[in-house]
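Single-structure report; data block below.
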Amino acid sequence: MDVLIPLFLAAMPILLGQAMAGSTAAASSNFQQNTGLTEANYIAYMIIGANVFSSITTSFWLFGLFIRREQTLGTLESLFMSPAHKLSILAGLTLYVEARSLITFVLGYTLGCVIFGVNPLQGQVLLALFILLLGLIPVNGLSFLLGALVLKVKQANTIFNTFQWPLAIISGIFFPITVLPIFLQIFAFMFPGFYLTHDIQAALIGLKWFFGNVFLDLGVLFAFAIICPLIGYWLFAKTEARSKRAEGIGQF
Amino acid sequence: MAIITLNKQQVHGFQMWWNQFWSMTKKEFTVLTRYKLSFILSFFQIFFIMFIFTVAALVLTPPEKAAYGVGIMFYSFILFMFLSTALWDIGNSLREEQYQGTLESLFMTPISYFSTLVSRIFANLVWTGLNVIVTFFFMSFVFGRLPLANLGLGIMILFLSLFVCFGFSFGFAGLALKYKESMNTFTNFLQFFLMVICAMFFPFSALPEFIQAISRLIPLSYCVDLFRTVMIGEAPELLPFEFELAIVVISAILLPLLGIWYFRRTVQAARREGNLAEY
C-alpha cells in the first residue's frame with residue numbers, strides 16, 4: 001500500500017487537471033504558466049511529491065503511533081519503567097522506516113512514472129536517494145514531538161491526520177510554495193520536509209537548488225538532521241516527566 | 001433477584017430497535033466528544049485536504065474552467081468522505097470492542113445487528129455532514145462561489161448513496177471480524193481503489209476506456225456521477241439521468257441487505273467456532 005497510495009494521491013490532481021485542460025500538453029503549459037517552473041515535468045513533479053509525502057508521514061507518525069499502541073495495549077507504563085533508553089527505541093524505529101521509505105520511494109516513483117509515461121531514470125537518482133535518507137532523519141526526530149502529543153492528549157490520530165495536510169501544503173508536494181501566501185512560505189522555510197521535497201525534485205527533474213547549489217542545500221538538511229532530533233527528544237522527555245508526576249502514563 | 005422475561009415482540013419490536021440504536025449512538029457520541037481537541041480539529045482536516053488537491057488541480061487548469069474543476073473536486077470529495085467513514089468506522093469500532101473484550105458479551109445478547117452496525121457510524125456521519133457544510137463555506141470563501149444547481153435532488157441522491165456505502169460497510173464489518181488486523185490493509189487499498197475507479201476526484205472521461213468499463217460495473221460510480229453532475233448542473237457522463245437514478249435506488253436497497261446478510265453469517269460462524277473474542 002505504501003507503494004500504491006502515493007500513486008493514487010498524485011493521480012487525482014493529474015487526471016483532473018488533464019481533463020480540465022483538455023490534453024497533457026495543455027496541462028503542462030498551464031502548469032508552467034501558473035507556477036513559473038518552465039523546466040519541470042509536472043507529472044514527475046507530482047509523483048515525486050506524493051512519494052516524499054508518504055515517506056514524511058510514515059516517519060513523522062512513527063514514534064507517536066508506537067506510543068499510542070503501547071498505551072492502548074497497557075504496556076507503555078511498564079516499558080517506561082524499564083531502563084530502556086527512548087533514543088535507542090527511536091533509533092531502531094528510524095532505521096526500519098528509512099529502509100522501508102527507500103524501497104517504497106524507488107518502487108512508487110518508478111511505478112508512477114511508468115503508468116504516466118515519464119522516464120524514471122532522468123536526473124541524479126543516487127543523489128535523490130541520499131537526500132531522502134538524510135532528509136528523513138530530522139522528520140524522524142520531530143516524531144518525538146508527536147510522541148509527546150500522544151502522551152498529553154492521548155487520541156492524537158485526528159490531530160496528526162489534520163496537521164499532515166498543512167505540512168503537505170508547505171512541503172510543496174504538488175505545487176511550488178511560491179503560489180502560497182507569504183506567511184505560509186515562512187512556515188515552509190522552517191520545516192525540513194520542504195527542503196527534502198524540493199531537493200529531491202531538484203535532483204530528479206532539474207529544478208534549481210533552493211540555496212543555489214547542492215552542497216548548501218545538503219548542508220541545511222544536515223543541520224536540521226542534528227537540531228530536530230535534539231529538540232524533539234528534549235520536549236518528549238519534559239512531557240514524559242510531567243505526565244509521570246501527574247496522572248501517570250498508563251491512561252489512554 | 002428479579003428475573004425479567006421479555007416476549008418476542010419486546011425483543012424484536014421497533015421500540016427495542018430504537019432503544020438499542022439510540023443507546024449505542026449516545027455511547028459513540030460520548031466517545032467522539034471525549035477527546036475535545038481531536039473533535040474540533042476534524043473540522044479543519046477536510047478543508048486542508050480539499051485545499052491541497054484543489055490548488056494542485058488548478059495549477060493545471062485553464063482559468064475559465066476553474067469553477068467547474070473546483071465543483072467536481074468538492075462534490076466528489078463529499079462522497080469520498082462518507083464512503084471513507086462508512087468503510088472504516090464500523091470495522092474499527094468492532095475491532096475496538098474486540099480489544100476491550102466486550103464484543104463477545106455484546107453479541108450474546110439478542111441485539112439487532114442492523115441497529116448495532118448503523119449506530120456505530122451514525123454519530124460520525126452526522127459529524128461528517130457538519131464538516132461538509134463548513135468546508136462548503138470555506139471553499140466558497142477561498143476559491144469563489146461553488147456551483148449549486150439542484151440542492152434538493154443532490155441531497156436525495158447523497159442520502160441514497162449513503163445506503164450504498166452502508167452496503168460496503170456492513171460487508172466490511174463482517175470481513176473485519178473474520179480476517180481481523182489484516183483487513184486494515186485491504187480496506188486501505190479498497191478505499192483508494194474505489195477513489196480512482198469511481199473517478200471520485202476527476203471526470204470519468206479522464207480514465208482510459210478499459211478502466212471506464214470496470215467503473216461501469218461498480219454501483220458507487222453511478223452515485224458519484226449522478227451526485228456531482230446534479231449539483232454542478234451537467235448531464236451525467238456514464239448513462240442518461242433516469243438509468244443512473246434507477247441503478248442508485250436499486251443499489252441503495254440491495255447492497256445494505258446483502259451486507260447485513262454477510263455480517264450475520266460471519267457473526268454466527270464466529271459464535272459457533274467460539275472465536276468472536278479473539279483478536
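In the C-alpha cells, chains take letters A, B, ... by order of appearance, with residues numbered from 1 within each chain and ligands from 1 in the order shown.
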
Which residues of stretch 173-246 of chain A have any atom within 12 Å of an atom in stretch 91-115 of chain A when counting only C-alpha atoms, and what is the closest pair of atoms for each, with the distance in Å to one decimal? Order the rows by chain and rising number and write it as a tab-separated table.
residue	atom	partner	partner_atom	distance
A:Ile200	CA	A:Phe105	CA	11.1
A:Gln201	CA	A:Tyr109	CA	11.7
A:Leu204	CA	A:Tyr109	CA	10.7
A:Pro229	CA	A:Ala91	CA	10.4
A:Tyr233	CA	A:Ala91	CA	11.8

* Compute the set of chain B residues within 9 Å of chain A, using only C-alpha atoms, and express it as an MDAnalysis selection string. => chainID B and resid 35 37:39 41:46 48:49 51:62 65:66 68:69 72:73 99 185:186 188:189 192:193 195:196 199:203 205:207

* Asked: Could you work out how far atom CA of B:Val224 lies from atom CA of A:Asn51, giving the answer in Å with one decimal?
  -> 27.1 Å

Would you list the contacts of stretch 148-151 of chain B as a tab-separated table (two decimals) with C-alpha atoms, in the first residue's frame, taking every protein, DNA or RNA residue within 8 Å and counting only C-alpha atoms, but skipping same-chain residues closer than 3 positions in sequence?
chain	number	residue	atom	x	y	z
B	154	GLY	CA	-28.50	16.35	-4.74
B	155	ILE	CA	-29.27	15.71	-1.06
B	230	VAL	CA	-26.77	17.11	-10.40
B	231	MET	CA	-25.00	19.56	-8.07
B	232	ILE	CA	-22.98	21.14	-10.88
B	233	GLY	CA	-25.91	21.14	-13.32

* To do: Would you work out the distance separating atom CA of B:Trp127 from atom CA of B:Met81, expressed in Å to one decimal?
  =>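 These atoms are spaced 10.9 Å apart.
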
* To do: Output as an MDAnalysis selection string all residues of stretch 29-254 of chain B that backbone DSSP marks as helix (DSSP H, G or I).
  => chainID B and resid 29:34 36:58 63:100 103:108 113:143 151:197 204:206 209:215 219:232 241:254
